file input35.cif (mmCIF, C-alpha atoms)
data_target
loop_
_atom_site.label_atom_id
_atom_site.label_comp_id
_atom_site.auth_asym_id
_atom_site.auth_seq_id
_atom_site.Cartn_x
_atom_site.Cartn_y
_atom_site.Cartn_z
CA MET A 144 26.32 -16.26 -6.46
CA THR A 145 26.10 -14.30 -3.22
CA GLN A 146 23.83 -11.28 -3.44
CA THR A 147 25.55 -8.00 -2.65
CA GLN A 148 24.40 -6.32 0.54
CA GLY A 149 22.67 -2.97 0.23
CA PRO A 150 24.78 0.16 0.75
CA LEU A 151 23.05 0.82 4.09
CA SER A 152 23.53 -2.72 5.38
CA GLY A 153 24.25 -2.49 9.12
CA VAL A 154 22.24 0.72 9.57
CA ARG A 155 19.29 0.27 11.93
CA VAL A 156 16.33 2.67 11.74
CA LEU A 157 13.58 3.07 14.32
CA ASP A 158 10.52 4.33 12.45
CA LEU A 159 7.96 6.12 14.63
CA SER A 160 6.29 7.76 11.63
CA ARG A 161 3.03 7.06 9.89
CA VAL A 162 0.98 8.06 6.81
CA LEU A 163 3.34 9.10 3.98
CA ALA A 164 6.23 11.56 4.38
CA GLY A 165 8.03 9.64 7.14
CA PRO A 166 7.27 6.16 5.77
CA TRP A 167 8.44 7.29 2.31
CA ALA A 168 11.78 8.31 3.81
CA THR A 169 12.19 5.08 5.74
CA GLN A 170 11.15 2.92 2.78
CA THR A 171 13.93 4.58 0.78
CA LEU A 172 16.37 3.64 3.54
CA ALA A 173 14.99 0.08 3.62
CA ASP A 174 15.35 -0.27 -0.16
CA LEU A 175 19.00 0.73 0.28
CA GLY A 176 19.57 -2.04 2.79
CA ALA A 177 18.84 -0.51 6.20
CA GLU A 178 16.98 -2.52 8.82
CA VAL A 179 13.80 -0.55 9.50
CA ILE A 180 11.73 -1.28 12.61
CA LYS A 181 8.29 0.29 12.28
CA ILE A 182 6.47 1.01 15.55
CA GLU A 183 2.67 0.85 15.21
CA ARG A 184 -0.33 1.19 17.49
CA PRO A 185 -1.59 -2.20 18.66
CA GLY A 186 -4.81 -3.19 16.93
CA GLU A 187 -4.81 -0.16 14.62
CA GLY A 188 -1.40 0.31 13.07
CA ASP A 189 -0.42 3.04 10.65
CA ASP A 190 -3.44 5.15 9.68
CA THR A 191 -2.98 4.25 6.03
CA ARG A 192 -3.73 0.57 6.68
CA HIS A 193 -7.35 1.79 6.71
CA TRP A 194 -7.18 4.37 3.88
CA GLY A 195 -9.29 2.57 1.31
CA PRO A 196 -10.80 1.30 -0.79
CA PRO A 197 -9.12 -0.38 -2.50
CA PHE A 198 -8.05 -2.98 0.05
CA THR A 199 -6.07 -6.17 -0.34
CA THR A 200 -7.84 -9.50 0.26
CA THR A 201 -6.68 -12.04 2.83
CA THR A 202 -6.52 -15.78 2.20
CA ASP A 203 -9.84 -16.26 4.03
CA GLY A 204 -11.54 -13.68 1.81
CA SER A 205 -11.71 -10.87 4.37
CA LYS A 206 -10.52 -7.29 3.94
CA GLY A 207 -6.77 -6.79 4.33
CA ASP A 208 -4.62 -3.68 4.44
CA ALA A 209 -5.36 -0.74 2.17
CA ALA A 210 -3.38 -0.36 -1.04
CA TYR A 211 -2.23 3.05 0.26
CA PHE A 212 -0.25 1.42 3.08
CA MET A 213 1.53 -0.86 0.63
CA CYS A 214 3.07 1.98 -1.37
CA ALA A 215 5.39 3.19 1.41
CA ASN A 216 6.18 0.33 3.80
CA ARG A 217 7.98 -2.50 2.06
CA GLY A 218 11.16 -3.86 3.60
CA LYS A 219 10.15 -3.02 7.18
CA LYS A 220 9.53 -4.96 10.37
CA SER A 221 6.29 -4.16 12.21
CA VAL A 222 6.36 -3.93 16.00
CA ALA A 223 3.10 -3.20 17.83
CA LEU A 224 3.74 -1.00 20.88
CA ASP A 225 1.64 1.53 22.78
CA ILE A 226 4.16 4.31 23.35
CA ALA A 227 1.68 6.10 25.64
CA THR A 228 2.27 3.46 28.30
CA PRO A 229 5.41 3.42 30.45
CA GLU A 230 6.20 -0.08 29.21
CA GLY A 231 5.83 0.90 25.57
CA ALA A 232 7.93 4.05 25.94
CA GLU A 233 10.63 2.08 27.73
CA ALA A 234 10.69 -0.48 24.93
CA VAL A 235 11.18 2.31 22.40
CA ARG A 236 14.05 3.75 24.45
CA ARG A 237 15.64 0.31 24.61
CA LEU A 238 15.36 -0.04 20.87
CA ALA A 239 16.67 3.47 20.24
CA ALA A 240 19.84 2.59 22.14
CA THR A 241 20.57 0.00 19.42
CA CYS A 242 19.65 2.17 16.43
CA ASP A 243 21.49 4.61 14.21
CA VAL A 244 18.42 6.59 13.14
CA VAL A 245 15.02 7.54 14.53
CA VAL A 246 12.32 9.02 12.27
CA GLU A 247 9.13 10.52 13.72
CA ASN A 248 6.36 12.79 12.48
CA PHE A 249 4.44 13.68 15.63
CA LYS A 250 3.42 17.27 16.25
CA THR A 251 6.29 19.44 17.44
CA GLY A 252 7.02 18.53 21.06
CA GLY A 253 4.50 15.68 21.00
CA LEU A 254 6.95 12.98 22.06
CA ALA A 255 8.55 14.92 24.92
CA LYS A 256 5.93 13.77 27.42
CA TYR A 257 7.00 10.18 26.81
CA GLY A 258 10.71 10.96 26.96
CA LEU A 259 10.98 9.98 23.29
CA ASP A 260 11.94 13.38 21.86
CA TYR A 261 15.45 14.16 20.63
CA ALA A 262 16.63 15.25 24.07
CA GLY A 263 15.38 12.05 25.67
CA LEU A 264 16.69 9.58 23.11
CA SER A 265 20.00 11.31 22.39
CA ALA A 266 20.75 11.01 26.11
CA VAL A 267 20.40 7.24 25.67
CA ASN A 268 22.33 7.18 22.38
CA PRO A 269 24.54 10.22 21.61
CA ARG A 270 25.32 8.91 18.10
CA LEU A 271 21.64 8.92 17.17
CA VAL A 272 20.45 10.72 14.04
CA TYR A 273 16.95 11.83 15.04
CA CYS A 274 14.75 13.09 12.19
CA SER A 275 11.56 15.02 13.01
CA ILE A 276 9.11 15.59 10.16
CA THR A 277 6.41 18.16 10.91
CA GLY A 278 4.16 20.59 9.09
CA PHE A 279 6.06 23.73 10.01
CA GLY A 280 9.28 22.78 11.79
CA GLN A 281 10.55 22.88 15.35
CA ASP A 282 10.31 26.67 15.79
CA GLY A 283 8.41 29.72 14.56
CA PRO A 284 4.85 31.00 15.02
CA ASP A 285 3.31 27.98 13.25
CA ALA A 286 5.47 25.28 14.84
CA HIS A 287 2.54 24.04 16.95
CA ARG A 288 0.26 23.47 13.94
CA ALA A 289 -0.38 20.13 12.31
CA GLY A 290 0.50 19.95 8.63
CA TYR A 291 -1.17 17.93 5.89
CA ASP A 292 -0.13 17.64 2.27
CA TYR A 293 -3.26 19.24 0.82
CA MET A 294 -3.17 22.33 3.06
CA ILE A 295 0.56 22.75 2.46
CA GLN A 296 0.06 22.56 -1.31
CA ALA A 297 -2.34 25.48 -0.81
CA MET A 298 -0.39 27.49 1.76
CA GLY A 299 2.94 26.83 0.06
CA GLY A 300 1.85 28.30 -3.27
CA LEU A 301 1.68 25.14 -5.38
CA MET A 302 -2.07 25.36 -5.95
CA SER A 303 -1.73 28.98 -7.08
CA VAL A 304 0.22 27.81 -10.14
CA THR A 305 -1.71 24.56 -10.76
CA GLY A 306 -4.99 24.48 -12.67
CA GLN A 307 -6.70 26.32 -15.49
CA PRO A 308 -6.20 30.10 -15.69
CA ASP A 309 -8.87 32.47 -14.49
CA GLY A 310 -11.60 32.80 -17.10
CA ALA A 311 -11.07 29.32 -18.56
CA PRO A 312 -13.60 26.49 -18.02
CA GLY A 313 -12.98 24.76 -14.69
CA ALA A 314 -10.73 27.53 -13.43
CA GLU A 315 -9.80 27.15 -9.76
CA PRO A 316 -6.66 26.41 -7.74
CA MET A 317 -5.90 22.72 -8.11
CA LYS A 318 -3.93 20.23 -6.04
CA VAL A 319 -1.59 17.75 -7.70
CA GLY A 320 -3.01 14.25 -8.16
CA VAL A 321 -0.56 12.63 -5.72
CA ALA A 322 0.64 13.91 -2.34
CA VAL A 323 3.76 15.54 -3.73
CA VAL A 324 4.61 17.58 -0.62
CA ASP A 325 4.71 14.44 1.49
CA LEU A 326 6.76 12.62 -1.14
CA PHE A 327 9.25 15.45 -1.62
CA THR A 328 9.52 15.75 2.16
CA GLY A 329 10.30 12.05 2.44
CA LEU A 330 13.05 12.42 -0.15
CA TYR A 331 14.56 15.49 1.54
CA ALA A 332 14.38 13.67 4.87
CA SER A 333 16.23 10.60 3.56
CA ASN A 334 18.92 12.82 2.03
CA ALA A 335 19.34 14.73 5.28
CA ILE A 336 19.48 11.50 7.28
CA LEU A 337 22.26 10.16 5.07
CA ALA A 338 24.24 13.39 5.48
CA ALA A 339 23.81 13.26 9.26
CA LEU A 340 24.79 9.58 9.30
CA TRP A 341 28.00 10.41 7.44
CA HIS A 342 28.78 13.01 10.11
CA ALA A 343 27.93 10.60 12.93
CA ARG A 344 30.15 7.88 11.52
CA ALA A 345 33.03 10.34 11.18
CA THR A 346 32.69 12.08 14.56
CA GLY A 347 30.52 9.94 16.84
CA GLU A 348 28.07 12.86 17.08
CA GLY A 349 24.41 12.43 16.32
CA GLN A 350 22.12 15.37 15.63
CA HIS A 351 18.52 16.49 15.27
CA VAL A 352 17.25 16.73 11.69
CA ASP A 353 14.35 19.19 11.40
CA ILE A 354 12.29 18.76 8.20
CA ALA A 355 9.10 20.77 7.62
CA LEU A 356 6.53 20.19 4.89
CA PHE A 357 6.09 23.95 4.48
CA ASP A 358 9.82 24.50 3.97
CA VAL A 359 9.94 21.68 1.45
CA GLN A 360 7.03 23.04 -0.56
CA ALA A 361 8.61 26.48 -0.64
CA ALA A 362 11.86 24.94 -1.90
CA MET A 363 9.97 22.99 -4.58
CA LEU A 364 8.57 26.19 -6.07
CA ALA A 365 11.96 26.24 -7.80
CA ASN A 366 11.87 28.39 -10.96
CA GLN A 367 8.41 29.72 -10.09
CA ALA A 368 9.84 31.29 -6.93
CA THR A 369 12.84 32.76 -8.76
CA ASN A 370 10.51 34.03 -11.50
CA TRP A 371 8.87 36.10 -8.77
CA PHE A 372 12.20 37.11 -7.18
CA VAL A 373 13.45 38.43 -10.52
CA SER A 374 10.27 39.94 -11.98
CA GLY A 375 8.38 41.03 -8.88
CA LYS A 376 5.27 39.44 -10.41
CA ALA A 377 3.73 36.41 -8.74
CA PRO A 378 3.20 33.54 -11.21
CA THR A 379 -0.39 32.46 -11.82
CA ARG A 380 -2.20 29.36 -13.05
CA MET A 381 -1.52 28.59 -16.71
CA GLY A 382 -3.19 25.24 -17.19
CA ASN A 383 -0.75 22.93 -18.97
CA ALA A 384 1.41 25.72 -20.36
CA HIS A 385 4.95 26.36 -19.07
CA PRO A 386 5.77 29.80 -17.63
CA ASN A 387 9.18 29.99 -19.32
CA LEU A 388 8.97 27.79 -22.43
CA ALA A 389 6.77 27.43 -25.51
CA PRO A 390 5.60 25.14 -26.94
CA TYR A 391 5.73 22.97 -23.83
CA GLN A 392 2.31 21.42 -23.27
CA PRO A 393 -0.09 18.68 -24.44
CA PHE A 394 -1.42 18.87 -27.99
CA PRO A 395 -4.44 17.02 -29.38
CA CYS A 396 -4.27 14.06 -31.74
CA SER A 397 -7.13 12.18 -33.34
CA ASP A 398 -6.98 9.51 -30.59
CA GLY A 399 -5.56 11.24 -27.53
CA MET A 400 -2.96 13.79 -26.48
CA VAL A 401 0.80 14.06 -26.79
CA VAL A 402 3.04 16.38 -24.78
CA ILE A 403 5.51 18.31 -26.91
CA ALA A 404 8.40 19.70 -24.88
CA VAL A 405 10.48 22.11 -26.96
CA GLY A 406 13.52 23.24 -24.98
CA ASN A 407 15.42 25.32 -27.56
CA ASP A 408 15.06 27.09 -30.89
CA GLY A 409 16.62 24.26 -32.89
CA GLN A 410 13.99 21.86 -31.58
CA PHE A 411 11.27 24.32 -32.56
CA ARG A 412 12.58 24.48 -36.14
CA ALA A 413 12.65 20.68 -36.20
CA LEU A 414 9.07 20.60 -34.90
CA ALA A 415 7.88 22.97 -37.62
CA LYS A 416 9.53 20.86 -40.30
CA ALA A 417 8.09 17.62 -38.89
CA LEU A 418 4.60 19.13 -38.94
CA GLY A 419 5.00 20.21 -42.56
CA VAL A 420 5.24 23.94 -41.86
CA GLU A 421 9.00 24.50 -42.04
CA PRO A 422 8.69 28.30 -42.60
CA MET A 423 7.13 28.61 -39.13
CA GLY A 424 10.56 27.89 -37.66
CA ALA A 425 11.79 31.25 -38.96
CA ASP A 426 8.55 33.18 -38.37
CA PRO A 427 9.52 36.45 -36.61
CA ARG A 428 6.78 35.83 -34.05
CA PHE A 429 8.18 32.44 -33.08
CA SER A 430 11.88 32.27 -33.96
CA THR A 431 13.13 32.48 -30.37
CA ASN A 432 11.79 31.05 -27.14
CA ALA A 433 11.19 34.52 -25.68
CA LEU A 434 9.10 35.42 -28.73
CA ARG A 435 7.18 32.14 -28.54
CA VAL A 436 6.36 32.73 -24.87
CA GLN A 437 5.27 36.27 -25.71
CA ASN A 438 3.10 35.05 -28.61
CA ARG A 439 1.86 31.84 -27.01
CA ALA A 440 -1.80 32.77 -27.63
CA GLU A 441 -1.18 32.59 -31.40
CA LEU A 442 1.29 29.70 -31.37
CA SER A 443 -0.62 27.11 -29.36
CA PRO A 444 -3.86 27.01 -31.40
CA THR A 445 -1.88 26.99 -34.65
CA LEU A 446 0.10 23.95 -33.53
CA SER A 447 -3.04 22.26 -32.14
CA ALA A 448 -4.73 22.50 -35.54
CA LEU A 449 -1.71 20.79 -37.10
CA THR A 450 -1.30 17.98 -34.57
CA ALA A 451 -5.01 17.12 -34.55
CA SER A 452 -4.68 15.43 -37.95
CA PHE A 453 -2.16 12.90 -36.60
CA THR A 454 -2.74 9.82 -34.49
CA MET A 455 -0.65 9.73 -31.33
CA LYS A 456 1.57 7.03 -32.80
CA GLU A 457 2.08 8.96 -36.04
CA LEU A 458 2.89 12.21 -34.27
CA MET A 459 5.35 10.65 -31.83
CA ALA A 460 7.10 8.77 -34.65
CA ALA A 461 7.51 11.98 -36.64
CA LEU A 462 8.73 14.00 -33.68
CA GLU A 463 11.12 11.35 -32.41
CA ALA A 464 12.63 11.08 -35.90
CA ALA A 465 13.09 14.87 -35.84
CA GLY A 466 14.64 14.88 -32.37
CA VAL A 467 11.76 16.72 -30.72
CA PRO A 468 11.00 15.57 -27.12
CA CYS A 469 7.48 14.21 -26.81
CA GLY A 470 5.45 11.66 -24.91
CA PRO A 471 1.90 10.31 -24.66
CA VAL A 472 -0.48 11.38 -21.93
CA ASN A 473 -0.80 7.92 -20.36
CA THR A 474 -3.29 6.60 -17.85
CA ILE A 475 -1.65 4.86 -14.90
CA ASP A 476 -2.27 1.38 -16.28
CA GLN A 477 -0.65 2.45 -19.55
CA VAL A 478 2.46 3.64 -17.71
CA PHE A 479 3.32 0.11 -16.64
CA GLU A 480 2.55 -1.28 -20.11
CA GLU A 481 5.23 0.93 -21.67
CA PRO A 482 8.08 -1.18 -23.07
CA GLN A 483 10.55 0.96 -21.14
CA ALA A 484 8.72 0.32 -17.87
CA ILE A 485 8.74 -3.42 -18.54
CA HIS A 486 12.43 -3.39 -19.45
CA ARG A 487 13.36 -1.41 -16.32
CA GLY A 488 11.32 -3.68 -14.06
CA LEU A 489 9.23 -0.89 -12.55
CA ILE A 490 6.82 -3.28 -10.83
CA VAL A 491 8.01 -5.10 -7.70
CA GLU A 492 5.96 -8.20 -6.88
CA GLN A 493 6.15 -9.71 -3.38
CA THR A 494 4.06 -12.22 -1.46
CA ARG A 495 2.77 -12.19 2.12
CA PRO A 496 1.35 -15.40 3.60
CA ASP A 497 -1.88 -13.84 4.85
CA LEU A 498 -2.83 -12.25 1.52
CA ALA A 499 -4.55 -14.01 -1.36
CA GLU A 500 -2.69 -12.16 -4.12
CA PRO A 501 0.90 -10.90 -4.51
CA ILE A 502 1.60 -7.31 -3.48
CA ARG A 503 2.74 -5.08 -6.31
CA THR A 504 4.53 -1.80 -5.65
CA VAL A 505 6.56 0.58 -7.81
CA ALA A 506 10.29 -0.10 -7.90
CA SER A 507 12.77 2.38 -6.50
CA PRO A 508 14.19 4.62 -9.25
CA ILE A 509 17.66 4.32 -7.67
CA ARG A 510 20.08 2.24 -9.74
CA LEU A 511 23.45 1.45 -8.15
CA SER A 512 25.97 -0.61 -10.10
CA ARG A 513 27.82 -2.14 -7.11
CA THR A 514 25.23 -2.19 -4.32
CA PRO A 515 21.80 -2.45 -5.94
CA VAL A 516 18.52 -1.74 -4.24
CA ARG A 517 17.06 -4.80 -2.50
CA TYR A 518 13.45 -5.82 -2.01
CA ASP A 519 13.87 -8.25 0.87
CA ALA A 520 10.40 -8.14 2.41
CA PRO A 521 6.86 -7.04 1.52
CA PRO A 522 4.96 -4.40 3.52
CA PRO A 523 4.47 -6.13 6.88
CA LYS A 524 1.40 -7.43 8.61
CA LEU A 525 0.62 -5.39 11.71
CA GLY A 526 2.78 -6.49 14.63
CA GLN A 527 4.25 -9.49 12.83
CA ASP A 528 7.78 -8.88 14.19
CA THR A 529 6.96 -7.68 17.71
CA ASP A 530 8.09 -10.72 19.67
CA ASP A 531 11.17 -11.35 17.57
CA VAL A 532 12.42 -7.75 17.67
CA LEU A 533 11.83 -7.22 21.37
CA ALA A 534 13.40 -10.57 22.25
CA THR A 535 16.50 -10.35 20.10
CA ILE A 536 17.48 -6.68 19.94
CA LYS A 537 19.32 -5.70 23.09
CA PRO A 538 21.29 -2.52 23.84
CA ASP A 539 25.06 -2.87 23.74
#
call {"tool": "encode", "arguments": {"input": "input35.cif", "output": "structure tokens"}}
result
Amino acid sequence: MTQTQGPLSGVRVLDLSRVLAGPWATQTLADLGAEVIKIERPGEGDDTRHWGPPFTTTTDGSKGDAAYFMCANRGKKSVALDIATPEGAEAVRRLAATCDVVVENFKTGGLAKYGLDYAGLSAVNPRLVYCSITGFGQDGPDAHRAGYDYMIQAMGGLMSVTGQPDGAPGAEPMKVGVAVVDLFTGLYASNAILAALWHARATGEGQHVDIALFDVQAAMLANQATNWFVSGKAPTRMGNAHPNLAPYQPFPCSDGMVVIAVGNDGQFRALAKALGVEPMGADPRFSTNALRVQNRAELSPTLSALTASFTMKELMAALEAAGVPCGPVNTIDQVFEEPQAIHRGLIVEQTRPDLAEPIRTVASPIRLSRTPVRYDAPPPKLGQDTDDVLATIKPD
């Protein structure tokens, strides 16, 4: 049986990005079948090759690439070029003439001196979709500033609503445990690239895609931003509580914690019945979501006292039978032991000849019935495709 080509088969991407936001975008495109050519510094490569421990182990027992690099670079070809040299810059221009997409995350204007900015490369290839990922965008008073996930989580308001509330133990603004601004930015970038590609295929016109981490973080404030727009009151840190729903947080069990996520009044009545306190469902303090949010300080400890007598397994069985959304607070190893994770094949295992053990990464969540995601190649060894790419890819 012939394997179906990915939906982006025939799309060629020149990846000048490094670290996470840009590579996350280009890995998404690679998973969908695009050919992605990753340009890296000779001898050094993408910064994240060195962001460890942990590191992989090579077949001779020496230190390999960092695990961090592996998470965002599968399916790509690695070409080692020094773009600061005339020869390297010319090679990039020659490659760009054959590509549909360029992705870069240099500081605003940083590639102009090499002639590798949008103006320079679109002159070579007018159909080019050129995506620039920066901290603050291509214009404005902060356009010149570098942007990093952690500082954007702070500046973009995310840390102001993450962490324990003032007065509680451990209260301080808190970052999220993964680089969510970079990841969201990569996803917005891949969406924008696909939209621009559609336009280019229809009209022959490429364009410059301008994606800023700060803009993305502001967009991802979502309901918290509109809560402020409507109320005039800036949201604050609430620990694990939800600003608009109750109960919607972790609750203790005898052997761990379970998140209970009540989204409507019917689910709350079902929760009360499952916990053996059916009258609570009609309690005038708790009968509607607005009342439960208003009286959260009474509701949460009352529910906690009830759930604490259950094991996690007992509580989840009771709540699932009652139709109340719930889930365990898993450690990362436990995530991939979940029967659902095993069934859905959430671990991708690939081999690379220089490494002693297979590379495992998390599968793409995209499921397409006709043109499924493909995992054609593991994250590449630095420069492994340089000679082949430069010898075989010629401009039309």
call {"tool": "resolve_selection", "arguments": {"input": "input35.cif", "expression": "the PyMOL selection byres ((chain A and resi 188) around 12)", "output": "PyMOL selection string"}}
result
chain A and resi 159-162+181-187+189-194+208-209+212+216+221-225+523-527
call {"tool": "residues_near_point", "arguments": {"input": "input35.cif", "point": "(21.8, 6.5, 4.0)", "cutoff": "8 Å", "atoms": "all atoms listed in the file", "output": "ChimeraX atom specification"}}
result
/A:150-151,172,175,177,333-334,336-338,340
call {"tool": "resolve_selection", "arguments": {"input": "input35.cif", "expression": "the PyMOL selection byres ((chain A and resi 497) around 10)", "output": "MDAnalysis selection string"}}
result
chainID A and resid 200:203 207 494:496 498:500 524
call {"tool": "resolve_selection", "arguments": {"input": "input35.cif", "expression": "the PyMOL selection byres ((chain A and resi 462-465) around 9)", "output": "list in words"}}
result
Ile403, Gln410, Ala413, Leu414, Lys416, Ala417, Leu418, Glu457, Leu458, Met459, Ala460, Ala461, Gly466, Val467, Pro468 and Cys469 of chain A
call {"tool": "write_last_selection", "arguments": {"input": "input35.cif", "atoms": "C-alpha atoms", "output": "PDB file, in the coordinates of the input"}}
result
ATOM      1  CA  ILE A 403       5.510  18.310 -26.910  1.00  0.00           C
ATOM      2  CA  GLN A 410      13.990  21.860 -31.580  1.00  0.00           C
ATOM      3  CA  ALA A 413      12.650  20.680 -36.200  1.00  0.00           C
ATOM      4  CA  LEU A 414       9.070  20.600 -34.900  1.00  0.00           C
ATOM      5  CA  LYS A 416       9.530  20.860 -40.300  1.00  0.00           C
ATOM      6  CA  ALA A 417       8.090  17.620 -38.890  1.00  0.00           C
ATOM      7  CA  LEU A 418       4.600  19.130 -38.940  1.00  0.00           C
ATOM      8  CA  GLU A 457       2.080   8.960 -36.040  1.00  0.00           C
ATOM      9  CA  LEU A 458       2.890  12.210 -34.270  1.00  0.00           C
ATOM     10  CA  MET A 459       5.350  10.650 -31.830  1.00  0.00           C
ATOM     11  CA  ALA A 460       7.100   8.770 -34.650  1.00  0.00           C
ATOM     12  CA  ALA A 461       7.510  11.980 -36.640  1.00  0.00           C
ATOM     13  CA  GLY A 466      14.640  14.880 -32.370  1.00  0.00           C
ATOM     14  CA  VAL A 467      11.760  16.720 -30.720  1.00  0.00           C
ATOM     15  CA  PRO A 468      11.000  15.570 -27.120  1.00  0.00           C
ATOM     16  CA  CYS A 469       7.480  14.210 -26.810  1.00  0.00           C
TER      17      CYS A 469
END
call {"tool": "closest_residue", "arguments": {"input": "input35.cif", "among": "A:Cys214, A:Tyr273, A:Ala332, A:Ala227", "to": "Val505 in chain A", "atoms": "all atoms listed in the file"}}
result
A:Cys214
call {"tool": "residues_around", "arguments": {"input": "input35.cif", "residues": "Phe357 in chain A", "least_positions_apart": "2", "cutoff": "8 Å", "atoms": "all atoms listed in the file", "output": "mmCIF file with C-alpha atoms, keeping the file's coordinate frame"}}
result
data_model
loop_
_atom_site.group_PDB
_atom_site.id
_atom_site.type_symbol
_atom_site.label_atom_id
_atom_site.label_comp_id
_atom_site.auth_asym_id
_atom_site.auth_seq_id
_atom_site.Cartn_x
_atom_site.Cartn_y
_atom_site.Cartn_z
ATOM 1 C CA GLY A 278 4.160 20.590 9.090
ATOM 2 C CA PHE A 279 6.060 23.730 10.010
ATOM 3 C CA ILE A 295 0.560 22.750 2.460
ATOM 4 C CA MET A 298 -0.390 27.490 1.760
ATOM 5 C CA GLY A 299 2.940 26.830 0.060
ATOM 6 C CA ALA A 355 9.100 20.770 7.620
ATOM 7 C CA VAL A 359 9.940 21.680 1.450
ATOM 8 C CA GLN A 360 7.030 23.040 -0.560
ATOM 9 C CA ALA A 361 8.610 26.480 -0.640
#
call {"tool": "atom_distance", "arguments": {"input": "input35.cif", "atom1": "CA of Gly263 in chain A", "atom2": "CA of Gly280 in chain A"}}
result
18.6 Å
call {"tool": "closest_residue", "arguments": {"input": "input35.cif", "among": "A:Leu271, A:Val323, A:Ala389, A:Leu259", "to": "Tyr293 in chain A", "atoms": "all atoms listed in the file"}}
result
A:Val323
call {"tool": "atom_distance", "arguments": {"input": "input35.cif", "atom1": "CA of Arg237 in chain A", "atom2": "CA of Ala534 in chain A"}}
result
11.4 Å
call {"tool": "atom_distance", "arguments": {"input": "input35.cif", "atom1": "CA of Asp531 in chain A", "atom2": "CA of Gln148 in chain A"}}
result
22.1 Å
call {"tool": "closest_residue", "arguments": {"input": "input35.cif", "among": "A:Thr169, A:Asn432, A:Thr328, A:Ser265", "to": "Ala362 in chain A", "atoms": "only C-alpha atoms"}}
result
A:Thr328
call {"tool": "residues_near_point", "arguments": {"input": "input35.cif", "point": "(9.9, 10.4, 11.1)", "cutoff": "10 Å", "atoms": "only C-alpha atoms", "output": "NGL selection string"}}
result
:A and (157-161 or 163-169 or 244-249 or 273-277 or 329 or 332-333 or 352-354)
call {"tool": "residues_around", "arguments": {"input": "input35.cif", "residues": "Arg236 in chain A", "least_positions_apart": "4", "cutoff": "9 Å", "atoms": "only C-alpha atoms", "output": "mmCIF file with C-alpha atoms, in the frame of the given file"}}
result
data_model
loop_
_atom_site.group_PDB
_atom_site.id
_atom_site.type_symbol
_atom_site.label_atom_id
_atom_site.label_comp_id
_atom_site.auth_asym_id
_atom_site.auth_seq_id
_atom_site.Cartn_x
_atom_site.Cartn_y
_atom_site.Cartn_z
ATOM 1 C CA GLY A 231 5.830 0.900 25.570
ATOM 2 C CA ALA A 232 7.930 4.050 25.940
ATOM 3 C CA ALA A 240 19.840 2.590 22.140
ATOM 4 C CA GLY A 258 10.710 10.960 26.960
ATOM 5 C CA LEU A 259 10.980 9.980 23.290
ATOM 6 C CA GLY A 263 15.380 12.050 25.670
ATOM 7 C CA LEU A 264 16.690 9.580 23.110
ATOM 8 C CA VAL A 267 20.400 7.240 25.670
#
